[in-house]
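This is work_31.txt. It holds compact mmCIF, C-alpha atoms.
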```txt
# COMPACT_ATOMS: atom_id res chain seq x y z
CA MET R 1 45.82 -58.47 -4.33
CA ARG R 2 47.63 -55.51 -2.79
CA ALA R 3 51.29 -55.24 -3.74
CA ALA R 4 54.07 -52.76 -3.03
CA VAL R 5 57.25 -52.14 -4.99
CA ILE R 6 60.16 -50.72 -2.99
CA VAL R 7 62.22 -48.03 -4.72
CA PHE R 8 65.86 -47.37 -3.84
CA PRO R 9 68.25 -44.80 -5.31
CA GLY R 10 69.50 -46.61 -8.40
CA SER R 11 66.49 -48.90 -8.87
CA ASN R 12 65.66 -49.11 -12.57
CA CYS R 13 63.13 -51.95 -12.82
CA ASP R 14 60.61 -50.70 -10.26
CA ARG R 15 58.15 -49.45 -12.87
CA ASP R 16 58.51 -52.66 -14.87
CA LEU R 17 57.53 -54.67 -11.80
CA ALA R 18 54.61 -52.39 -11.04
CA VAL R 19 53.30 -52.71 -14.61
CA ALA R 20 53.65 -56.51 -14.55
CA PHE R 21 51.65 -56.75 -11.32
CA GLU R 22 49.03 -54.24 -12.48
CA ARG R 23 48.48 -56.12 -15.74
CA ALA R 24 47.86 -59.24 -13.66
CA GLY R 25 45.20 -57.40 -11.68
CA ALA R 26 47.08 -56.25 -8.57
CA ASP R 27 46.68 -52.91 -6.83
CA VAL R 28 50.26 -51.56 -6.65
CA THR R 29 51.83 -48.93 -4.39
CA MET R 30 55.36 -47.57 -4.84
CA VAL R 31 57.26 -47.27 -1.53
CA TRP R 32 60.37 -45.09 -1.07
CA HIS R 33 63.27 -46.71 0.78
CA LYS R 34 63.33 -44.01 3.47
CA ASP R 35 59.80 -44.81 4.60
CA ASP R 36 59.97 -46.67 7.90
CA HIS R 37 56.93 -48.88 7.37
CA LEU R 38 55.06 -50.61 4.59
CA PRO R 39 51.39 -49.79 3.93
CA GLU R 40 48.89 -51.84 5.90
CA GLY R 41 47.17 -54.83 4.35
CA LEU R 42 49.81 -55.77 1.79
CA ASP R 43 49.89 -59.27 0.35
CA MET R 44 53.06 -58.93 -1.73
CA VAL R 45 56.23 -56.82 -1.56
CA ALA R 46 58.51 -56.70 -4.60
CA VAL R 47 62.16 -55.63 -4.49
CA PRO R 48 63.23 -54.55 -7.98
CA GLY R 49 66.34 -54.83 -10.08
CA GLY R 50 68.80 -52.06 -10.74
CA PHE R 51 71.89 -50.79 -8.96
CA SER R 52 70.71 -49.67 -5.53
CA PHE R 53 73.11 -47.13 -4.06
CA GLY R 54 75.41 -47.66 -7.04
CA ASP R 55 76.23 -51.22 -5.91
CA TYR R 56 78.76 -49.75 -3.49
CA LEU R 57 80.21 -51.98 -0.74
CA ARG R 58 78.37 -55.11 -2.00
CA CYS R 59 75.38 -55.29 -4.31
CA GLY R 60 72.30 -54.87 -2.13
CA ALA R 61 74.22 -54.41 1.12
CA ILE R 62 73.35 -50.73 1.66
CA ALA R 63 69.75 -51.20 0.50
CA ALA R 64 69.39 -54.02 3.03
CA ARG R 65 69.97 -51.43 5.75
CA SER R 66 67.50 -48.83 4.53
CA PRO R 67 64.68 -47.87 6.94
CA ILE R 68 62.02 -49.71 4.88
CA THR R 69 63.93 -52.98 5.02
CA ARG R 70 63.08 -53.59 8.67
CA SER R 71 59.41 -53.56 7.68
CA LEU R 72 60.19 -55.82 4.71
CA ILE R 73 61.80 -58.37 7.04
CA ARG R 74 58.80 -58.26 9.37
CA HIS R 75 56.50 -58.78 6.40
CA GLY R 76 58.46 -61.89 5.45
CA GLU R 77 58.63 -63.20 9.01
CA ARG R 78 54.85 -63.07 9.37
CA GLY R 79 54.35 -65.02 6.15
CA GLY R 80 53.86 -62.27 3.59
CA TYR R 81 54.88 -62.86 -0.01
CA ILE R 82 58.12 -61.28 -1.27
CA LEU R 83 59.61 -61.28 -4.77
CA GLY R 84 63.16 -60.04 -5.24
CA VAL R 85 64.45 -59.76 -8.82
CA CYS R 86 68.12 -59.29 -9.76
CA ASN R 87 69.31 -56.55 -7.37
CA GLY R 88 66.24 -57.43 -5.31
CA PHE R 89 67.54 -61.00 -5.00
CA GLN R 90 70.84 -59.56 -3.78
CA VAL R 91 68.99 -57.46 -1.20
CA LEU R 92 67.10 -60.52 0.07
CA THR R 93 70.31 -62.47 0.64
CA GLU R 94 71.82 -59.48 2.43
CA THR R 95 68.82 -59.29 4.78
CA GLY R 96 68.99 -63.02 5.52
CA LEU R 97 65.51 -63.64 4.13
CA LEU R 98 67.18 -66.01 1.67
CA PRO R 99 70.42 -67.98 2.08
CA GLY R 100 73.58 -67.61 0.04
CA ALA R 101 75.34 -64.73 -1.67
CA LEU R 102 75.53 -63.28 -5.16
CA ILE R 103 79.06 -62.52 -6.33
CA ARG R 104 80.80 -61.43 -9.53
CA ASN R 105 79.96 -63.43 -12.62
CA ALA R 106 82.52 -66.15 -13.28
CA GLY R 107 83.61 -64.39 -16.48
CA LEU R 108 83.91 -61.03 -14.64
CA LYS R 109 81.76 -59.35 -17.28
CA PHE R 110 78.30 -57.81 -17.30
CA ILE R 111 75.85 -60.12 -19.09
CA CYS R 112 72.73 -58.88 -20.86
CA LYS R 113 70.78 -61.38 -22.94
CA ASP R 114 67.80 -63.74 -22.95
CA VAL R 115 68.37 -67.05 -21.18
CA GLU R 116 66.43 -70.29 -20.94
CA LEU R 117 65.43 -71.45 -17.47
CA ASN R 118 64.23 -74.81 -16.22
CA VAL R 119 61.27 -74.77 -13.83
CA GLU R 120 62.39 -76.93 -10.89
CA ASN R 121 59.44 -76.47 -8.52
CA ASP R 122 55.89 -75.79 -9.68
CA GLN R 123 54.32 -76.02 -6.21
CA THR R 124 54.64 -72.39 -5.09
CA ALA R 125 52.50 -69.32 -5.68
CA PHE R 126 55.33 -67.96 -7.85
CA THR R 127 55.73 -71.03 -10.06
CA GLN R 128 52.34 -72.74 -10.19
CA GLY R 129 51.64 -71.14 -13.57
CA TYR R 130 54.32 -73.39 -15.04
CA SER R 131 54.96 -77.13 -15.12
CA LYS R 132 57.98 -78.76 -13.54
CA GLY R 133 60.58 -79.32 -16.24
CA GLU R 134 59.13 -76.60 -18.47
CA GLN R 135 61.60 -74.22 -20.08
CA VAL R 136 60.92 -70.48 -20.05
CA THR R 137 62.88 -67.56 -21.44
CA PHE R 138 63.61 -64.48 -19.33
CA PRO R 139 66.15 -61.68 -19.87
CA ILE R 140 69.16 -61.25 -17.61
CA ALA R 141 71.20 -58.07 -17.04
CA HIS R 142 73.75 -58.43 -14.25
CA HIS R 143 77.39 -58.30 -13.25
CA ASP R 144 76.98 -60.02 -9.88
CA GLY R 145 74.57 -62.88 -10.51
CA ASN R 146 76.82 -65.77 -9.51
CA TYR R 147 74.79 -67.42 -6.72
CA GLN R 148 76.91 -69.29 -4.19
CA VAL R 149 76.14 -71.37 -1.11
CA PRO R 150 78.23 -73.98 0.75
CA ASP R 151 77.86 -77.54 -0.54
CA GLU R 152 75.81 -78.62 2.47
CA LYS R 153 73.37 -75.73 1.97
CA LEU R 154 73.09 -76.53 -1.73
CA ALA R 155 72.18 -80.10 -0.83
CA GLU R 156 69.63 -78.78 1.66
CA LEU R 157 68.03 -76.50 -0.94
CA ARG R 158 67.75 -79.40 -3.35
CA GLY R 159 66.40 -81.76 -0.71
CA GLU R 160 63.75 -79.27 0.43
CA GLY R 161 62.66 -78.36 -3.11
CA ARG R 162 63.74 -74.77 -2.63
CA ILE R 163 65.36 -74.25 -6.03
CA GLY R 164 62.71 -72.54 -8.13
CA PHE R 165 64.56 -72.14 -11.41
CA THR R 166 67.88 -73.26 -12.88
CA TYR R 167 69.75 -72.05 -15.94
CA ALA R 168 69.63 -74.38 -18.94
CA ASP R 169 73.06 -72.99 -19.89
CA ASN R 170 74.70 -71.41 -16.84
CA PRO R 171 75.83 -67.89 -17.83
CA ASN R 172 77.48 -66.76 -14.60
CA GLY R 173 78.89 -69.71 -12.64
CA SER R 174 76.05 -70.07 -10.12
CA ALA R 175 76.31 -73.13 -7.89
CA GLY R 176 73.98 -75.86 -9.08
CA ASP R 177 73.02 -73.67 -12.07
CA ILE R 178 70.66 -71.86 -9.67
CA ALA R 179 68.70 -68.91 -11.06
CA GLY R 180 66.04 -68.65 -8.34
CA VAL R 181 65.75 -69.66 -4.68
CA ILE R 182 62.64 -70.14 -2.53
CA SER R 183 62.34 -69.60 1.22
CA ARG R 184 61.52 -72.48 3.54
CA ASN R 185 57.89 -71.33 3.89
CA ARG R 186 57.59 -70.95 0.08
CA ARG R 187 56.54 -67.30 0.44
CA VAL R 188 59.78 -65.62 -0.72
CA LEU R 189 61.42 -65.97 -4.14
CA GLY R 190 64.75 -64.49 -5.16
CA LEU R 191 65.27 -64.62 -8.93
CA MET R 192 68.20 -63.29 -10.94
CA PRO R 193 66.54 -63.17 -14.39
CA HIS R 194 63.77 -60.64 -15.03
CA PRO R 195 60.22 -62.04 -15.44
CA GLU R 196 58.84 -58.48 -15.44
CA ARG R 197 60.71 -57.86 -18.70
CA ALA R 198 58.92 -60.80 -20.31
CA VAL R 199 55.27 -59.75 -20.07
CA ASP R 200 54.79 -58.05 -23.43
CA ALA R 201 55.30 -59.56 -26.89
CA ALA R 202 56.49 -56.17 -28.13
CA HIS R 203 59.41 -56.43 -25.70
CA GLY R 204 60.44 -59.86 -26.96
CA GLY R 205 58.48 -62.43 -24.95
CA THR R 206 55.64 -63.21 -22.58
CA ASP R 207 56.94 -66.12 -20.49
CA GLY R 208 56.81 -63.94 -17.36
CA VAL R 209 53.04 -63.41 -17.58
CA ALA R 210 52.26 -66.78 -15.97
CA MET R 211 54.27 -65.89 -12.87
CA PHE R 212 52.42 -62.66 -12.13
CA SER R 213 49.01 -64.07 -13.06
CA ALA R 214 49.54 -67.12 -10.84
CA LEU R 215 50.70 -64.95 -7.94
CA VAL R 216 47.63 -62.75 -8.05
CA GLU R 217 45.27 -65.71 -8.49
CA SER R 218 46.91 -67.61 -5.63
CA VAL R 219 46.73 -64.73 -3.18
CA VAL R 220 43.15 -63.80 -4.11
CA ALA R 221 42.05 -67.43 -3.70
CA ALA R 222 43.78 -67.85 -0.33
```

Representation of the structure as structure tokens:
Amino acid sequence: MRAAVIVFPGSNCDRDLAVAFERAGADVTMVWHKDDHLPEGLDMVAVPGGFSFGDYLRCGAIAARSPITRSLIRHGERGGYILGVCNGFQVLTETGLLPGALIRNAGLKFICKDVELNVENDQTAFTQGYSKGEQVTFPIAHHDGNYQVPDEKLAELRGEGRIGFTYADNPNGSAGDIAGVISRNRRVLGLMPHPERAVDAAHGGTDGVAMFSALVESVVAA
């Protein structure tokens, strides 16, 4: 599988994502945000966590207007896989690739800790390494992780099976306890917690390994 990780000024999880994909067997290219096109032949594009452009204006809003983002949107529109983690999730909502918005945590404080997630959909390339109802532990580190959508959109996401993960104990006020959202075509996942920080026992856990392994296996088998 060929993957790219986009790097913005203020990204701080880009290398973590690259390592997670490489350990799963992917060939990874780092792409600077000022590039105006993605490399040819990519299967996956990952948008990392961090504080792109210092989180000015709105988290992810400036990054969503970087030159590379037009190519990212085209990649998604033609059915390419996209993973956006934390700030990457914020970028994906700002581009319209995923619905909703991520706002300040309900407690108005930055949260950094491990959290338990419930796997809500195990029928995507991102989640097929888990079982529906399984609990996994990923770290979170965010100030603006409170995912919000109108009630009718929340009902739609539930009805279409587009909620990938929920929090077992909601840390930030997200509607429906949502931690991760899937696109209608099941090729895009926005996830607030960090699976790439859970791929090495020395770092505290390995529950993220199944996500990256399943992604690579799924794309290679397709």

Polymer residues at most 12 Å from R:Ser52, only C-alpha atoms, same-chain spacing of 5 or more positions, as a VMD selection string: chain R and resid 6 to 14 33 47 57 to 66 86 to 91

Counting all atoms listed in the file, what are the residues of stretch 55-90 of chain R within 12 Å of stretch 199-216 of chain R, and for each of them which pair of atoms is the nearest and at what distance in Å, to one decimal? Sort the table by chain and rising number, as a Markdown table.
```
| residue | atom | partner | partner_atom | distance |
| --- | --- | --- | --- | --- |
| R:Tyr81 | CA | R:Leu215 | CA | 9.2 |
| R:Ile82 | CA | R:Leu215 | CA | 10.6 |
| R:Leu83 | CA | R:Leu215 | CA | 10.1 |
```

Contacts of stretch 135-146 of chain R at 7 Å (only C-alpha atoms; same-chain gap of 4+ positions) as a list in words: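 The filter keeps Leu102, Ile103, Arg104, Asn105, Ala106, Lys109, Phe110, Ile111, Cys112, Lys113, Asp114, Val115, Glu116, Leu117, Asn118, Val119, Asn172, Gly173, Ser174, Met192, Pro193, His194, Pro195, Arg197, Ala198 and Asp207 of chain R.
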
File dump, residues just selected, C-alpha atoms, as a PDB file, in the coordinates of the input:
```pdb
ATOM      1  CA  LEU R 102      75.530 -63.280  -5.160  1.00  0.00           C
ATOM      2  CA  ILE R 103      79.060 -62.520  -6.330  1.00  0.00           C
ATOM      3  CA  ARG R 104      80.800 -61.430  -9.530  1.00  0.00           C
ATOM      4  CA  ASN R 105      79.960 -63.430 -12.620  1.00  0.00           C
ATOM      5  CA  ALA R 106      82.520 -66.150 -13.280  1.00  0.00           C
ATOM      6  CA  LYS R 109      81.760 -59.350 -17.280  1.00  0.00           C
ATOM      7  CA  PHE R 110      78.300 -57.810 -17.300  1.00  0.00           C
ATOM      8  CA  ILE R 111      75.850 -60.120 -19.090  1.00  0.00           C
ATOM      9  CA  CYS R 112      72.730 -58.880 -20.860  1.00  0.00           C
ATOM     10  CA  LYS R 113      70.780 -61.380 -22.940  1.00  0.00           C
ATOM     11  CA  ASP R 114      67.800 -63.740 -22.950  1.00  0.00           C
ATOM     12  CA  VAL R 115      68.370 -67.050 -21.180  1.00  0.00           C
ATOM     13  CA  GLU R 116      66.430 -70.290 -20.940  1.00  0.00           C
ATOM     14  CA  LEU R 117      65.430 -71.450 -17.470  1.00  0.00           C
ATOM     15  CA  ASN R 118      64.230 -74.810 -16.220  1.00  0.00           C
ATOM     16  CA  VAL R 119      61.270 -74.770 -13.830  1.00  0.00           C
ATOM     17  CA  ASN R 172      77.480 -66.760 -14.600  1.00  0.00           C
ATOM     18  CA  GLY R 173      78.890 -69.710 -12.640  1.00  0.00           C
ATOM     19  CA  SER R 174      76.050 -70.070 -10.120  1.00  0.00           C
ATOM     20  CA  MET R 192      68.200 -63.290 -10.940  1.00  0.00           C
ATOM     21  CA  PRO R 193      66.540 -63.170 -14.390  1.00  0.00           C
ATOM     22  CA  HIS R 194      63.770 -60.640 -15.030  1.00  0.00           C
ATOM     23  CA  PRO R 195      60.220 -62.040 -15.440  1.00  0.00           C
ATOM     24  CA  ARG R 197      60.710 -57.860 -18.700  1.00  0.00           C
ATOM     25  CA  ALA R 198      58.920 -60.800 -20.310  1.00  0.00           C
ATOM     26  CA  ASP R 207      56.940 -66.120 -20.490  1.00  0.00           C
TER      27      ASP R 207
END
```

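Checking R:Gly100, R:Pro48, R:Gly79, R:Pro39 one by one against R:Ala18, counting only C-alpha atoms, you find the shortest gap at R:Pro48.
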
Residues within 8 Å of R:Thr166, all atoms listed in the file, excluding chain neighbours under 3 positions, as an MDAnalysis selection string: chainID R and resid 117:120 163 176:180

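Here the question is which of R:Gly161, R:Gly107, R:Pro99, R:Pro171 gets nearest to R:Asp122 using all atoms listed in the file, and that residue is R:Gly161.
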
Report the centre and edge lengths, in Å to one decimal, of an axis-aligned box enclosing every atom of stretch 94-113 of chain R listed in the file, padded by 6 Å on each side, as lines of an AutoDock Vina configuration file.
```
center_x = 74.7
center_y = -62.9
center_z = -8.7
size_x = 30.4
size_y = 22.2
size_z = 40.5
```

Test item: residues at most 12 Å from stretch 186-188 of chain R, only C-alpha atoms, excluding those fewer than 3 positions along its chain, as an MDAnalysis selection string: chainID R and resid 43:47 72:73 75:85 88:89 92:93 96:99 121:128 157 160:164 180:183 191 215 218:219

Computed interatomic separation between atom CA of R:Thr69 and atom CA of R:Ala4 (Å): 12.7 Å

Straight-line distance linking atom CA of R:Gly49 with atom CA of R:Ala20, stated in Å to one decimal: 13.6 Å

Using all atoms listed in the file, determine which residues lie at most 8 Å from R:His37, disregarding the query and same-chain residues fewer than 5 positions distant; provide the list as a short mmCIF file (atom, residue, chain, number, x, y, z; two decimals) with C-alpha atoms, keeping the file's coordinate frame.
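Result saved to selection_21.cif:
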```cif
data_model
loop_
_atom_site.label_atom_id
_atom_site.label_comp_id
_atom_site.auth_asym_id
_atom_site.auth_seq_id
_atom_site.Cartn_x
_atom_site.Cartn_y
_atom_site.Cartn_z
CA PRO R 67 64.68 -47.87 6.94
CA ILE R 68 62.02 -49.71 4.88
CA ARG R 70 63.08 -53.59 8.67
CA SER R 71 59.41 -53.56 7.68
#
```

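Atom to atom, atom CA of R:Tyr56 and atom CA of R:Leu38 stand 25.1 Å apart.
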
Selected residue of minimal separation from R:Gly50 among R:Asp16, R:Asp35, R:Phe21, R:Gly129, counting only C-alpha atoms: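 When distances to R:Gly50 are compared using only C-alpha atoms, the smallest one comes from R:Asp16.
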
From R:Glu40, R:Arg184, R:Gly159, R:Ala101, residue lying nearest R:Tyr147 [all atoms listed in the file]: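 When distances to R:Tyr147 are compared using all atoms listed in the file, the smallest one comes from R:Ala101.
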
Kindly output stretch 9-42 of chain R as a CSV table (one decimal), in the coordinates of the input, after building N, CA and C atoms.
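Now in result.csv:
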```csv
chain,number,residue,atom,x,y,z
R,9,PRO,N,67.4,-45.6,-4.4
R,9,PRO,CA,68.2,-44.8,-5.3
R,9,PRO,C,69.0,-45.8,-6.2
R,10,GLY,N,68.8,-45.7,-7.5
R,10,GLY,CA,69.5,-46.6,-8.4
R,10,GLY,C,68.6,-47.7,-8.9
R,11,SER,N,67.4,-47.9,-8.3
R,11,SER,CA,66.5,-48.9,-8.9
R,11,SER,C,66.1,-48.5,-10.3
R,12,ASN,N,66.1,-49.5,-11.2
R,12,ASN,CA,65.7,-49.1,-12.6
R,12,ASN,C,64.6,-50.1,-13.2
R,13,CYS,N,64.2,-51.0,-12.3
R,13,CYS,CA,63.1,-52.0,-12.8
R,13,CYS,C,61.9,-51.9,-12.0
R,14,ASP,N,61.8,-50.8,-11.1
R,14,ASP,CA,60.6,-50.7,-10.3
R,14,ASP,C,59.3,-50.5,-11.0
R,15,ARG,N,59.4,-49.7,-12.1
R,15,ARG,CA,58.2,-49.4,-12.9
R,15,ARG,C,57.8,-50.7,-13.7
R,16,ASP,N,58.8,-51.4,-14.1
R,16,ASP,CA,58.5,-52.7,-14.9
R,16,ASP,C,57.8,-53.6,-14.0
R,17,LEU,N,58.2,-53.8,-12.7
R,17,LEU,CA,57.5,-54.7,-11.8
R,17,LEU,C,56.1,-54.2,-11.5
R,18,ALA,N,55.9,-52.9,-11.3
R,18,ALA,CA,54.6,-52.4,-11.0
R,18,ALA,C,53.7,-52.7,-12.2
R,19,VAL,N,54.1,-52.5,-13.4
R,19,VAL,CA,53.3,-52.7,-14.6
R,19,VAL,C,52.9,-54.2,-14.7
R,20,ALA,N,53.9,-55.1,-14.5
R,20,ALA,CA,53.6,-56.5,-14.6
R,20,ALA,C,52.6,-56.9,-13.5
R,21,PHE,N,52.7,-56.4,-12.3
R,21,PHE,CA,51.6,-56.8,-11.3
R,21,PHE,C,50.3,-56.1,-11.7
R,22,GLU,N,50.3,-54.9,-12.1
R,22,GLU,CA,49.0,-54.2,-12.5
R,22,GLU,C,48.3,-55.0,-13.6
R,23,ARG,N,49.1,-55.4,-14.6
R,23,ARG,CA,48.5,-56.1,-15.7
R,23,ARG,C,47.9,-57.4,-15.3
R,24,ALA,N,48.4,-58.0,-14.2
R,24,ALA,CA,47.9,-59.2,-13.7
R,24,ALA,C,46.7,-59.0,-12.7
R,25,GLY,N,46.4,-57.7,-12.5
R,25,GLY,CA,45.2,-57.4,-11.7
R,25,GLY,C,45.5,-56.9,-10.3
R,26,ALA,N,46.7,-56.7,-9.9
R,26,ALA,CA,47.1,-56.2,-8.6
R,26,ALA,C,46.9,-54.7,-8.4
R,27,ASP,N,46.7,-54.3,-7.2
R,27,ASP,CA,46.7,-52.9,-6.8
R,27,ASP,C,48.1,-52.6,-6.3
R,28,VAL,N,48.8,-51.7,-7.0
R,28,VAL,CA,50.3,-51.6,-6.6
R,28,VAL,C,50.5,-50.2,-6.1
R,29,THR,N,51.4,-50.2,-5.0
R,29,THR,CA,51.8,-48.9,-4.4
R,29,THR,C,53.3,-48.9,-4.5
R,30,MET,N,53.9,-47.8,-4.8
R,30,MET,CA,55.4,-47.6,-4.8
R,30,MET,C,55.8,-47.0,-3.5
R,31,VAL,N,56.8,-47.6,-2.9
R,31,VAL,CA,57.3,-47.3,-1.5
R,31,VAL,C,58.7,-46.8,-1.6
R,32,TRP,N,59.0,-45.6,-1.1
R,32,TRP,CA,60.4,-45.1,-1.1
R,32,TRP,C,61.2,-45.7,0.1
R,33,HIS,N,62.4,-46.0,-0.2
R,33,HIS,CA,63.3,-46.7,0.8
R,33,HIS,C,63.4,-46.0,2.1
R,34,LYS,N,63.2,-44.7,2.2
R,34,LYS,CA,63.3,-44.0,3.5
R,34,LYS,C,62.1,-44.1,4.3
R,35,ASP,N,61.0,-44.6,3.8
R,35,ASP,CA,59.8,-44.8,4.6
R,35,ASP,C,60.1,-45.9,5.6
R,36,ASP,N,59.6,-45.7,6.8
R,36,ASP,CA,60.0,-46.7,7.9
R,36,ASP,C,58.9,-47.8,8.1
R,37,HIS,N,57.9,-47.8,7.3
R,37,HIS,CA,56.9,-48.9,7.4
R,37,HIS,C,56.2,-49.1,6.0
R,38,LEU,N,55.8,-50.3,5.8
R,38,LEU,CA,55.1,-50.6,4.6
R,38,LEU,C,53.6,-50.3,4.8
R,39,PRO,N,52.8,-50.0,3.8
R,39,PRO,CA,51.4,-49.8,3.9
R,39,PRO,C,50.7,-51.0,4.6
R,40,GLU,N,49.6,-50.8,5.3
R,40,GLU,CA,48.9,-51.8,5.9
R,40,GLU,C,48.2,-52.7,4.9
R,41,GLY,N,48.0,-54.0,5.2
R,41,GLY,CA,47.2,-54.8,4.4
R,41,GLY,C,47.8,-55.3,3.1
R,42,LEU,N,49.1,-55.3,3.0
R,42,LEU,CA,49.8,-55.8,1.8
R,42,LEU,C,49.8,-57.3,1.8
```
